[in-house]
$ cat work-v2.cif   # mmCIF, C-alpha atoms
data_input
#
loop_
_atom_site.label_atom_id
_atom_site.label_comp_id
_atom_site.auth_asym_id
_atom_site.auth_seq_id
_atom_site.Cartn_x
_atom_site.Cartn_y
_atom_site.Cartn_z
CA MET H 274 -10.40 2.77 5.32
CA GLN H 275 -9.17 4.26 2.10
CA SER H 276 -12.36 5.12 0.44
CA PRO H 277 -13.12 8.57 -0.98
CA LEU H 278 -10.43 9.89 1.36
CA ARG H 279 -7.02 8.34 1.42
CA SER H 280 -5.78 6.32 4.38
CA ALA H 281 -7.66 6.72 7.57
CA SER H 282 -5.43 4.55 9.65
CA GLY H 283 -2.89 3.46 7.06
CA PRO H 284 0.53 1.93 7.63
CA GLY H 285 2.03 5.33 8.43
CA ALA H 286 4.23 5.33 11.49
CA GLY H 287 4.25 1.54 11.75
CA GLY H 288 5.87 1.21 8.31
CA HIS H 289 8.43 3.94 9.04
CA SER H 290 9.32 2.32 12.37
CA ARG H 291 9.97 -1.02 10.69
CA VAL H 292 12.23 0.66 8.13
CA LEU H 293 14.22 2.43 10.85
CA VAL H 294 14.61 -0.79 12.82
CA THR H 295 15.82 -2.62 9.71
CA LEU H 296 18.37 0.11 8.98
CA ALA H 297 19.59 0.02 12.58
CA GLN H 298 20.03 -3.75 12.38
CA CYS H 299 22.23 -3.31 9.30
CA VAL H 300 24.65 -0.93 11.05
CA PRO H 301 26.84 -3.61 12.77
CA PHE H 302 27.31 -5.49 9.49
CA ALA H 303 27.97 -2.24 7.62
CA ILE H 304 30.75 -1.52 10.11
CA ALA H 305 32.24 -4.97 9.50
CA LEU H 306 32.23 -4.27 5.74
CA LEU H 307 33.91 -0.91 6.36
CA VAL H 308 36.66 -2.61 8.36
CA ILE H 309 37.20 -5.15 5.58
CA GLY H 310 37.45 -2.32 3.05
CA ILE H 311 40.06 -0.55 5.13
CA GLU H 312 42.13 -3.60 6.09
CA PHE H 313 42.27 -4.98 2.52
CA SER H 314 43.32 -1.62 1.07
CA PRO H 315 46.46 0.51 1.21
CA ALA H 316 44.87 2.26 4.19
CA HIS H 317 45.26 -0.85 6.37
CA PHE H 318 47.63 1.07 8.65
CA LEU H 319 44.52 2.68 10.21
CA TYR H 320 43.56 1.18 13.56
CA THR H 321 40.13 -0.49 13.15
CA GLY H 322 40.07 -2.55 16.32
CA PRO H 323 37.55 -0.35 18.23
CA LEU H 324 35.13 -0.50 15.29
CA LEU H 325 35.00 -4.30 15.33
CA THR H 326 34.76 -4.39 19.11
CA ALA H 327 31.67 -2.17 18.99
CA THR H 328 29.90 -4.38 16.43
CA PRO H 329 28.32 -6.94 18.82
CA ALA H 330 27.44 -4.18 21.30
CA LEU H 331 25.51 -2.28 18.61
CA ALA H 332 23.78 -5.49 17.53
CA ALA H 333 22.58 -6.12 21.09
CA VAL H 334 20.62 -2.84 20.99
CA THR H 335 18.49 -3.66 17.94
CA MET H 336 18.59 -7.45 17.59
CA GLY H 337 17.88 -10.43 19.76
CA PRO H 338 20.40 -12.98 21.03
CA LYS H 339 20.63 -14.77 17.66
CA GLY H 340 21.34 -11.55 15.79
CA THR H 341 23.92 -10.52 18.37
CA ILE H 342 25.67 -13.89 18.07
CA SER H 343 25.70 -13.47 14.28
CA ALA H 344 27.25 -10.00 14.57
CA ALA H 345 29.83 -11.29 17.04
CA ALA H 346 30.73 -14.17 14.72
CA VAL H 347 31.14 -11.74 11.81
CA ALA H 348 33.40 -9.48 13.91
CA LEU H 349 35.59 -12.42 14.95
CA ALA H 350 35.78 -13.72 11.36
CA VAL H 351 36.80 -10.28 10.06
CA SER H 352 39.41 -9.94 12.81
CA VAL H 353 40.97 -13.31 11.96
CA SER H 354 40.85 -12.67 8.19
CA THR H 355 42.41 -9.22 8.34
CA ALA H 356 45.15 -10.32 10.76
CA THR H 357 46.00 -13.21 8.44
CA TYR H 358 45.91 -11.04 5.30
CA ASN H 359 48.16 -8.38 6.86
CA GLN H 360 50.43 -11.00 8.48
CA ALA H 361 49.89 -9.40 11.87
CA TRP H 362 49.74 -12.57 13.97
CA GLY H 363 52.19 -12.46 16.83
CA SER H 364 51.67 -8.80 17.66
CA GLN H 365 50.18 -7.85 21.00
CA GLN H 366 47.65 -5.55 19.31
CA VAL H 367 46.00 -8.41 17.39
CA TYR H 368 45.57 -10.57 20.49
CA THR H 369 44.30 -7.62 22.51
CA ASN H 370 41.69 -6.83 19.85
CA PHE H 371 40.70 -10.48 19.62
CA LEU H 372 40.26 -10.75 23.40
CA ALA H 373 38.27 -7.49 23.49
CA ILE H 374 35.89 -8.75 20.81
CA LEU H 375 35.37 -12.01 22.74
CA LEU H 376 34.62 -10.20 26.01
CA VAL H 377 32.31 -7.61 24.44
CA SER H 378 30.54 -10.35 22.46
CA ALA H 379 29.88 -12.42 25.59
CA ALA H 380 28.58 -9.38 27.45
CA SER H 381 26.45 -8.29 24.48
CA VAL H 382 24.84 -11.70 24.02
CA THR H 383 24.02 -11.88 27.73
CA THR H 384 22.60 -8.36 27.73
CA SER H 385 20.59 -9.03 24.57
CA ALA H 386 19.09 -12.19 26.08
CA LEU H 387 18.06 -10.33 29.24
CA MET H 388 16.60 -7.43 27.24
CA HIS H 389 14.73 -9.85 25.00
CA LYS H 390 13.22 -11.63 27.99
CA ARG H 391 12.16 -8.34 29.58
CA ARG H 392 10.59 -7.11 26.33
CA ARG H 393 8.67 -10.38 26.01
CA THR H 394 7.37 -9.99 29.57
CA GLU H 395 6.32 -6.39 28.96
CA LEU H 396 4.72 -7.31 25.63
CA ASP H 397 2.76 -10.14 27.23
CA GLN H 398 1.47 -7.73 29.86
CA VAL H 399 0.46 -5.17 27.20
CA ARG H 400 -1.30 -7.90 25.24
CA ARG H 401 -3.26 -9.05 28.28
CA ILE H 402 -4.42 -5.48 28.92
CA ALA H 403 -5.26 -4.98 25.24
CA VAL H 404 -7.24 -8.21 25.08
CA ALA H 405 -9.27 -7.14 28.14
CA ALA H 406 -9.96 -3.76 26.50
CA GLN H 407 -10.89 -5.44 23.23
CA ARG H 408 -13.46 -7.66 24.93
CA VAL H 409 -15.17 -4.52 26.21
CA LEU H 410 -14.91 -2.40 23.06
CA LEU H 411 -14.93 -5.03 20.31
CA ARG H 412 -16.76 -7.97 21.79
CA PRO H 413 -17.48 -10.92 19.49
CA VAL H 414 -20.91 -10.80 17.89
CA PRO H 415 -23.49 -13.52 18.70
CA ALA H 416 -23.65 -16.51 16.38
CA ARG H 417 -27.33 -15.88 15.64
CA LEU H 418 -29.29 -12.64 15.60
CA GLY H 419 -32.87 -12.84 14.36
CA PRO H 420 -32.90 -13.74 10.65
CA VAL H 421 -29.10 -13.84 10.27
CA ARG H 422 -26.11 -15.86 11.36
CA THR H 423 -23.16 -13.64 12.20
CA ALA H 424 -19.44 -13.79 12.94
CA SER H 425 -16.71 -11.20 13.42
CA MET H 426 -12.93 -10.95 13.34
CA TYR H 427 -10.34 -8.34 14.28
CA LEU H 428 -6.65 -8.52 13.34
CA ALA H 429 -4.13 -5.99 14.62
CA ALA H 430 -1.34 -4.94 12.27
CA GLU H 431 1.14 -4.33 15.10
CA SER H 432 2.39 -7.35 17.01
CA GLY H 433 2.29 -5.50 20.33
CA ALA H 434 -1.33 -4.41 20.11
CA GLN H 435 -4.68 -6.16 19.91
CA ILE H 436 -6.90 -3.13 19.39
CA GLY H 437 -6.80 0.04 17.35
CA GLY H 438 -9.10 2.30 15.34
CA ASP H 439 -11.25 -0.29 13.58
CA LEU H 440 -14.70 -0.93 15.03
CA TYR H 441 -17.70 -3.21 14.51
CA GLU H 442 -20.89 -4.32 16.23
CA ALA H 443 -24.09 -6.27 15.54
CA VAL H 444 -27.23 -5.77 17.63
CA GLN H 445 -30.73 -7.29 17.59
CA THR H 446 -33.37 -4.51 17.82
CA ARG H 447 -37.11 -4.14 17.28
CA TYR H 448 -36.31 -2.70 13.85
CA GLY H 449 -34.22 -5.70 12.81
CA VAL H 450 -30.57 -6.67 13.09
CA ARG H 451 -28.36 -3.60 12.94
CA LEU H 452 -24.65 -3.70 12.17
CA ILE H 453 -21.84 -1.17 12.01
CA ILE H 454 -18.31 -1.30 10.64
CA GLY H 455 -15.94 1.63 10.87
CA ASP H 456 -12.36 2.83 10.64
CA VAL H 457 -10.82 5.75 12.52
CA ARG H 458 -8.20 7.92 10.91
CA GLY H 459 -5.21 7.90 13.22
CA LYS H 460 -3.61 5.60 15.74
CA GLY H 461 -2.97 5.09 19.42
CA LEU H 462 -5.23 6.24 22.25
CA PRO H 463 -6.95 9.06 20.27
CA ALA H 464 -8.13 6.47 17.72
CA VAL H 465 -9.32 4.11 20.45
CA ARG H 466 -11.24 6.93 22.14
CA SER H 467 -12.90 7.91 18.86
CA ALA H 468 -13.85 4.29 18.18
CA ALA H 469 -15.28 3.93 21.69
CA ALA H 470 -17.35 7.13 21.30
CA VAL H 471 -18.85 6.01 17.98
CA LEU H 472 -19.57 2.48 19.21
CA GLY H 473 -21.15 3.72 22.43
CA ALA H 474 -23.48 6.04 20.54
CA PHE H 475 -24.40 3.28 18.08
CA ARG H 476 -25.18 0.75 20.81
CA GLU H 477 -27.57 3.18 22.45
CA ALA H 478 -29.21 4.82 19.41
CA VAL H 479 -30.03 1.60 17.55
CA HIS H 480 -32.67 0.67 20.11
CA TYR H 481 -34.81 3.82 19.89
CA GLU H 482 -34.09 5.48 16.51
CA ASP H 483 -36.11 3.95 13.69
CA ASP H 484 -34.19 5.89 11.00
CA LEU H 485 -30.66 4.67 10.20
CA VAL H 486 -29.65 8.20 9.22
CA GLU H 487 -30.51 9.35 12.75
CA VAL H 488 -28.48 6.49 14.21
CA VAL H 489 -25.47 7.69 12.22
CA ALA H 490 -26.18 11.29 13.31
CA HIS H 491 -25.93 10.19 16.97
CA CYS H 492 -22.55 8.59 16.20
CA ALA H 493 -21.34 11.80 14.54
CA ALA H 494 -22.48 13.89 17.51
CA ALA H 495 -20.66 11.57 19.92
CA LEU H 496 -17.48 11.92 17.86
CA ARG H 497 -17.76 15.73 17.94
CA ARG H 498 -18.15 15.68 21.71
CA GLU H 499 -15.16 13.39 22.06
CA ARG H 500 -13.01 15.64 19.89
CA ALA H 501 -14.08 18.76 21.80
CA MET H 502 -13.24 17.30 25.20
CA PRO H 503 -9.98 18.79 26.61
CA ARG H 504 -7.21 16.23 27.13
CA GLY H 505 -3.94 16.38 28.97
CA ILE H 506 -2.08 14.99 25.97
CA GLY H 507 0.84 16.09 23.84
CA GLN H 508 0.62 18.49 20.92
CA ASP H 509 0.94 15.71 18.34
CA ASP H 510 -1.96 13.80 19.88
CA GLU H 511 -4.06 16.97 20.03
CA GLU H 512 -3.46 17.63 16.34
CA GLU H 513 -4.18 13.98 15.54
CA GLN H 514 -7.44 14.12 17.47
CA ALA H 515 -8.50 17.45 15.89
CA GLU H 516 -7.96 16.09 12.37
CA SER H 517 -9.53 12.68 12.99
CA PHE H 518 -12.52 11.34 11.14
CA VAL H 519 -14.29 8.00 11.02
CA THR H 520 -15.65 6.18 8.01
CA VAL H 521 -18.68 4.08 8.94
CA LEU H 522 -21.20 1.82 7.30
CA VAL H 523 -24.43 1.08 9.17
CA ALA H 524 -26.65 -1.74 7.92
CA GLN H 525 -30.06 -3.07 8.92
CA VAL H 526 -31.50 -6.51 8.16
CA PRO H 527 -35.27 -6.46 8.77
CA ASP H 528 -37.71 -9.35 8.37
CA ARG H 529 -38.21 -8.36 4.73
CA PRO H 530 -35.67 -9.82 2.23
CA VAL H 531 -33.64 -6.63 2.00
CA VAL H 532 -30.66 -5.02 3.64
CA GLU H 533 -30.74 -1.27 4.27
CA MET H 534 -27.57 0.79 4.56
CA VAL H 535 -26.14 4.21 5.25
CA ASN H 536 -22.56 4.62 4.01
CA ARG H 537 -20.43 7.49 5.29
CA GLY H 538 -17.22 7.22 3.29
CA HIS H 539 -16.58 3.53 4.00
CA PRO H 540 -15.54 0.83 1.50
CA PRO H 541 -18.70 -0.75 0.05
CA PRO H 542 -19.68 -4.13 1.52
CA LEU H 543 -19.75 -7.28 -0.56
CA VAL H 544 -22.65 -9.69 -0.94
CA LEU H 545 -22.09 -13.34 -1.83
CA ARG H 546 -25.03 -14.87 -3.68
CA ARG H 547 -24.95 -18.36 -5.15
CA GLY H 548 -21.14 -18.36 -5.28
CA THR H 549 -20.81 -14.92 -6.92
CA VAL H 550 -19.67 -11.72 -5.21
CA ARG H 551 -20.99 -8.24 -5.94
CA ALA H 552 -20.17 -4.90 -4.30
CA LEU H 553 -23.05 -2.83 -2.91
CA MET H 554 -21.96 0.55 -4.21
CA PRO H 555 -23.72 3.60 -2.72
CA ALA H 556 -25.68 5.74 -5.14
CA SER H 557 -24.41 8.98 -3.56
CA PRO H 558 -21.13 9.60 -1.73
CA PHE H 559 -21.32 11.08 1.76
CA PRO H 560 -18.40 12.30 3.93
CA PRO H 561 -17.06 10.35 6.90
CA LEU H 562 -18.04 11.29 10.44
CA GLY H 563 -16.14 14.38 11.51
CA LEU H 564 -16.03 15.91 8.02
CA GLU H 565 -19.62 17.12 7.85
CA ASP H 566 -18.47 20.66 7.04
CA LEU H 567 -17.19 19.45 3.67
CA ALA H 568 -20.65 18.60 2.33
CA PRO H 569 -24.09 20.20 2.47
CA ALA H 570 -27.07 18.47 4.04
CA PRO H 571 -28.38 15.80 3.89
CA LEU H 572 -25.56 13.82 5.45
CA GLY H 573 -26.71 10.32 4.65
CA GLU H 574 -29.33 8.35 2.82
CA VAL H 575 -30.82 4.93 3.44
CA GLU H 576 -30.37 2.64 0.45
CA SER H 577 -31.97 -0.80 0.11
CA TYR H 578 -30.63 -3.89 -1.63
CA VAL H 579 -32.10 -7.35 -2.15
CA PHE H 580 -30.92 -9.73 0.58
CA VAL H 581 -32.56 -13.13 0.39
CA PRO H 582 -32.02 -16.39 2.33
CA GLY H 583 -28.63 -17.85 1.48
CA ASP H 584 -27.02 -14.46 0.81
CA ARG H 585 -23.94 -13.46 2.77
CA LEU H 586 -23.04 -9.86 3.50
CA LEU H 587 -19.43 -9.01 4.36
CA LEU H 588 -18.65 -5.69 6.03
CA HIS H 589 -14.93 -4.97 6.17
CA THR H 590 -12.34 -2.25 6.65
CA ASP H 591 -9.76 -1.19 4.09
CA GLY H 592 -7.07 -3.24 5.79
CA VAL H 593 -8.54 -6.23 3.92
CA ILE H 594 -8.81 -4.86 0.38
CA GLU H 595 -5.53 -2.93 0.57
CA ALA H 596 -3.38 -5.74 1.93
CA ARG H 597 -0.47 -6.21 -0.49
CA ASN H 598 2.04 -8.94 -1.17
CA ARG H 599 5.72 -8.55 -2.04
CA ASP H 600 4.78 -7.83 -5.66
CA ASN H 601 2.52 -4.97 -4.49
CA ASP H 602 -0.63 -6.84 -5.57
CA PHE H 603 -3.83 -6.21 -3.60
CA PHE H 604 -5.60 -9.05 -1.81
CA ALA H 605 -8.30 -10.49 -4.08
CA LEU H 606 -11.17 -10.40 -1.59
CA PRO H 607 -14.05 -11.31 -3.98
CA GLU H 608 -12.18 -14.39 -5.23
CA ALA H 609 -11.35 -15.42 -1.66
CA MET H 610 -15.02 -15.08 -0.70
CA GLU H 611 -16.18 -17.16 -3.63
CA ALA H 612 -13.68 -19.88 -2.72
CA ALA H 613 -15.05 -20.02 0.85
CA HIS H 614 -18.76 -19.92 -0.02
CA ALA H 615 -19.48 -23.39 1.40
CA CYS H 616 -18.06 -22.64 4.87
CA THR H 617 -20.01 -21.64 7.97
CA PRO H 618 -19.69 -17.92 8.91
CA PRO H 619 -16.88 -18.45 11.46
CA GLU H 620 -15.04 -20.80 9.07
CA PHE H 621 -15.64 -18.30 6.28
CA LEU H 622 -13.83 -15.52 8.19
CA GLU H 623 -11.09 -17.89 9.29
CA GLN H 624 -10.43 -18.87 5.69
CA LEU H 625 -10.26 -15.19 4.71
CA HIS H 626 -7.86 -14.69 7.61
CA ARG H 627 -5.58 -17.46 6.41
CA GLY H 628 -5.70 -16.07 2.88
CA LEU H 629 -4.70 -12.62 4.13
CA ILE H 630 -1.78 -14.01 6.11
CA ARG H 631 -0.57 -16.02 3.11
CA HIS H 632 -0.93 -13.04 0.79
CA THR H 633 0.98 -10.64 3.05
CA GLN H 634 3.32 -13.29 4.49
CA GLY H 635 2.15 -12.28 7.95
CA ARG H 636 2.92 -8.57 7.48
CA LEU H 637 -0.34 -6.67 7.66
CA ALA H 638 0.13 -2.96 6.97
CA ASP H 639 -3.17 -1.96 8.57
CA ASP H 640 -5.62 -3.32 11.11
CA VAL H 641 -8.36 -5.58 9.76
CA ALA H 642 -11.97 -5.84 10.91
CA MET H 643 -14.62 -8.04 9.30
CA ILE H 644 -18.18 -8.93 10.17
CA ILE H 645 -20.36 -11.31 8.17
CA ALA H 646 -24.14 -11.67 8.19
CA GLU H 647 -25.85 -14.61 6.45
CA ARG H 648 -29.62 -14.52 6.00
CA VAL H 649 -31.04 -17.90 6.96
CA ASP H 650 -34.80 -17.36 7.33
CA GLY H 651 -37.44 -17.72 4.65
CA LYS H 652 -39.60 -14.78 5.61
CA ALA H 653 -40.69 -12.45 2.86
CA GLY H 654 -42.87 -9.41 3.02
CA ALA H 655 -43.46 -6.28 1.11
CA THR H 656 -40.29 -4.60 0.02
CA ALA H 657 -39.62 -0.93 -0.45
CA ALA H 658 -38.34 -1.14 -4.02
CA PRO H 659 -34.83 -2.30 -3.11
CA ARG H 660 -31.98 -1.90 -5.51
CA SER H 661 -31.16 -5.29 -6.97
CA VAL H 662 -27.72 -6.79 -6.92
CA PRO H 663 -26.93 -7.93 -10.49
CA GLU H 664 -26.84 -11.64 -11.01
#

$ encode --input "work-v2.cif" --output "structure tokens"
Amino acid sequence: MQSPLRSASGPGAGGHSRVLVTLAQCVPFAIALLVIGIEFSPAHFLYTGPLLTATPALAAVTMGPKGTISAAAVALAVSVSTATYNQAWGSQQVYTNFLAILLVSAASVTTSALMHKRRRTELDQVRRIAVAAQRVLLRPVPARLGPVRTASMYLAAESGAQIGGDLYEAVQTRYGVRLIIGDVRGKGLPAVRSAAAVLGAFREAVHYEDDLVEVVAHCAAALRRERAMPRGIGQDDEEEQAESFVTVLVAQVPDRPVVEMVNRGHPPPLVLRRGTVRALMPASPFPPLGLEDLAPAPLGEVESYVFVPGDRLLLHTDGVIEARNRDNDFFALPEAMEAAHACTPPEFLEQLHRGLIRHTQGRLADDVAMIIAERVDGKAGATAAPRSVPE
């Protein structure tokens, strides 16, 4: 969601956690290097046996069975090499150290395997619960809604979660097809609660509010109520909830060949027309939901753009456009869309998904939500002077 404001959900804690885990996994091998440095130096008289014995035990805490076996093999290799270099074979101390490493390694591998199995079981249970919650909060959109064909996709950045702060919906109403895409600043349960509040307000307001600005106002009011509700949560979560905001983009596809939008701080959507992609940039910037105090009224404006049969509109969160590869290059979304222009909407999103995974090598830094709407009817009526998308 990095739009006018930087990083709503961002990699944040997830990136730091991965760095800490990587550093912890390096500790056993760093100890082995330290032992080598001592044993192959004039300080070899120092007793390093306990350090090597602890190596597989430390590996079992942060690595799986394969990593623990690798650490144990390194410890045994170092023990043999240093004993040979120092001509210590035959002493009781060498054999005692060697036996201790073997016993600790066997115990560590067994423990690591059991811990790995338990973590997998717990993770599977969390995933099942998350999938059930996702089906309620982020249900797949219908394949056809009035004059458009639609499809949606959600990708979680964290392997242990299937739902976060990204949100989307598409609803058929008497005013036309209405869609929303949004991104909550923050993570964890506060972000999920904020997303649920905004989505719930949207799903209700779209059926009786004819003005898109009023629909967005209902979403903002629901977010304020959610933030004001007392929670029995920790101080960090309270601060996270108090500082949260949500970028949203609400769109409407009526029978006329236009698409109408209200953008509250969200990345602009992209329209694919005859194989060429253009961004639908808002004429005026407006703050995200929850930051209304930063800007004077009005807090939104409906803008119209040409949207004719054959056009495809992609609403997305910043997890797509800010996905980076190892060279720190951003994902080229417009080029990926142009390459997939001949696909059906579900195939279109699946191809974008595969492109994202290839680009990031399976390491998404932020959650990803996408929803596509393709106009398929030939109806045309009077238009309200829509802004044209350049050819």

$ resolve_selection --input "work-v2.cif" --expression "the PyMOL selection byres ((chain H and resi 440) around 8)" --output "JSON, numbers by chain"
{"H": [411, 438, 439, 441, 442, 453, 454, 455, 456, 468, 472, 642]}

$ residues_around --input "work-v2.cif" --residues "Arg537 (chain H)" --least-positions-apart "5" --cutoff "6 Å" --atoms "only C-alpha atoms" --output "ChimeraX atom specification"
/H:520-521,559-561

$ closest_atom_pairs --input "work-v2.cif" --of "region 372-426 of chain H" --to "region 567-591 of chain H" --cutoff "12 Å" --atoms "all atoms listed in the file" --output "CSV"
residue,atom,partner,partner_atom,distance
H:Pro420,CA,H:Pro582,CA,8.8
H:Val421,CA,H:Pro582,CA,8.8
H:Arg422,CA,H:Arg585,CA,9.2
H:Thr423,CA,H:Arg585,CA,9.5
H:Ala424,CA,H:Leu587,CA,9.8
H:Ser425,CA,H:Leu588,CA,9.4
H:Met426,CA,H:His589,CA,9.5

$ atom_distance --input "work-v2.cif" --atom1 "CA of Leu325 (chain H)" --atom2 "CA of Gln365 (chain H)"
16.6 Å

$ resolve_selection --input "work-v2.cif" --expression "the PyMOL selection byres ((chain H and resi 383-395) around 8)" --output "JSON, numbers by chain"
{"H": [333, 334, 336, 337, 338, 341, 379, 380, 381, 382, 396, 397, 398, 399]}

$ atom_distance --input "work-v2.cif" --atom1 "CA of Leu331 (chain H)" --atom2 "CA of Leu349 (chain H)"
14.8 Å

$ atom_distance --input "work-v2.cif" --atom1 "CA of Thr549 (chain H)" --atom2 "CA of Asp639 (chain H)"
26.8 Å

$ resolve_selection --input "work-v2.cif" --expression "the PyMOL selection byres ((chain H and resi 621-630) around 8)" --output "mmCIF file with C-alpha atoms, in the frame of the given file"
data_model
loop_
_atom_site.group_PDB
_atom_site.id
_atom_site.type_symbol
_atom_site.label_atom_id
_atom_site.label_comp_id
_atom_site.auth_asym_id
_atom_site.auth_seq_id
_atom_site.Cartn_x
_atom_site.Cartn_y
_atom_site.Cartn_z
ATOM 1 C CA ALA H 424 -19.440 -13.790 12.940
ATOM 2 C CA SER H 425 -16.710 -11.200 13.420
ATOM 3 C CA MET H 426 -12.930 -10.950 13.340
ATOM 4 C CA VAL H 593 -8.540 -6.230 3.920
ATOM 5 C CA ALA H 596 -3.380 -5.740 1.930
ATOM 6 C CA PHE H 604 -5.600 -9.050 -1.810
ATOM 7 C CA LEU H 606 -11.170 -10.400 -1.590
ATOM 8 C CA ALA H 609 -11.350 -15.420 -1.660
ATOM 9 C CA MET H 610 -15.020 -15.080 -0.700
ATOM 10 C CA ALA H 613 -15.050 -20.020 0.850
ATOM 11 C CA HIS H 614 -18.760 -19.920 -0.020
ATOM 12 C CA CYS H 616 -18.060 -22.640 4.870
ATOM 13 C CA THR H 617 -20.010 -21.640 7.970
ATOM 14 C CA PRO H 618 -19.690 -17.920 8.910
ATOM 15 C CA PRO H 619 -16.880 -18.450 11.460
ATOM 16 C CA GLU H 620 -15.040 -20.800 9.070
ATOM 17 C CA ARG H 631 -0.570 -16.020 3.110
ATOM 18 C CA HIS H 632 -0.930 -13.040 0.790
ATOM 19 C CA THR H 633 0.980 -10.640 3.050
ATOM 20 C CA GLN H 634 3.320 -13.290 4.490
ATOM 21 C CA GLY H 635 2.150 -12.280 7.950
ATOM 22 C CA ARG H 636 2.920 -8.570 7.480
ATOM 23 C CA LEU H 637 -0.340 -6.670 7.660
ATOM 24 C CA MET H 643 -14.620 -8.040 9.300
ATOM 25 C CA ILE H 645 -20.360 -11.310 8.170
#

$ closest_residue --input "work-v2.cif" --among "H:Glu595, H:Asp566, H:Asp528, H:Glu499" --to "Asp640 (chain H)" --atoms "only C-alpha atoms"
H:Glu595

$ residues_around --input "work-v2.cif" --residues "Pro555 (chain H)" --least-positions-apart "5" --cutoff "9 Å" --atoms "all atoms listed in the file" --output "ChimeraX atom specification"
/H:534-536,541,576

$ residues_around --input "work-v2.cif" --residues "Pro323 (chain H)" --least-positions-apart "3" --cutoff "10 Å" --atoms "only C-alpha atoms" --output "PDB file with C-alpha atoms, keeping the file's coordinate frame"
ATOM      1  CA  TYR H 320      43.560   1.180  13.560  1.00  0.00           C
ATOM      2  CA  THR H 326      34.760  -4.390  19.110  1.00  0.00           C
ATOM      3  CA  ALA H 327      31.670  -2.170  18.990  1.00  0.00           C
ATOM      4  CA  THR H 328      29.900  -4.380  16.430  1.00  0.00           C
ATOM      5  CA  ASN H 370      41.690  -6.830  19.850  1.00  0.00           C
ATOM      6  CA  ALA H 373      38.270  -7.490  23.490  1.00  0.00           C
ATOM      7  CA  ILE H 374      35.890  -8.750  20.810  1.00  0.00           C
TER       8      ILE H 374
END

$ residues_around --input "work-v2.cif" --residues "Val300 (chain H)" --least-positions-apart "5" --cutoff "10 Å" --atoms "only C-alpha atoms" --output "list in words"
Thr295, Ala305, Leu306, Thr328, Leu331, Ala332 and Thr335 of chain H

$ write_last_selection --input "work-v2.cif" --atoms "C-alpha atoms" --output "mmCIF file, in the frame of the given file"
data_model
loop_
_atom_site.group_PDB
_atom_site.id
_atom_site.type_symbol
_atom_site.label_atom_id
_atom_site.label_comp_id
_atom_site.auth_asym_id
_atom_site.auth_seq_id
_atom_site.Cartn_x
_atom_site.Cartn_y
_atom_site.Cartn_z
ATOM 1 C CA THR H 295 15.820 -2.620 9.710
ATOM 2 C CA ALA H 305 32.240 -4.970 9.500
ATOM 3 C CA LEU H 306 32.230 -4.270 5.740
ATOM 4 C CA THR H 328 29.900 -4.380 16.430
ATOM 5 C CA LEU H 331 25.510 -2.280 18.610
ATOM 6 C CA ALA H 332 23.780 -5.490 17.530
ATOM 7 C CA THR H 335 18.490 -3.660 17.940
#

$ closest_residue --input "work-v2.cif" --among "H:Gly563, H:Pro315, H:Gly592, H:Gly459" --to "His491 (chain H)" --atoms "all atoms listed in the file"
H:Gly563
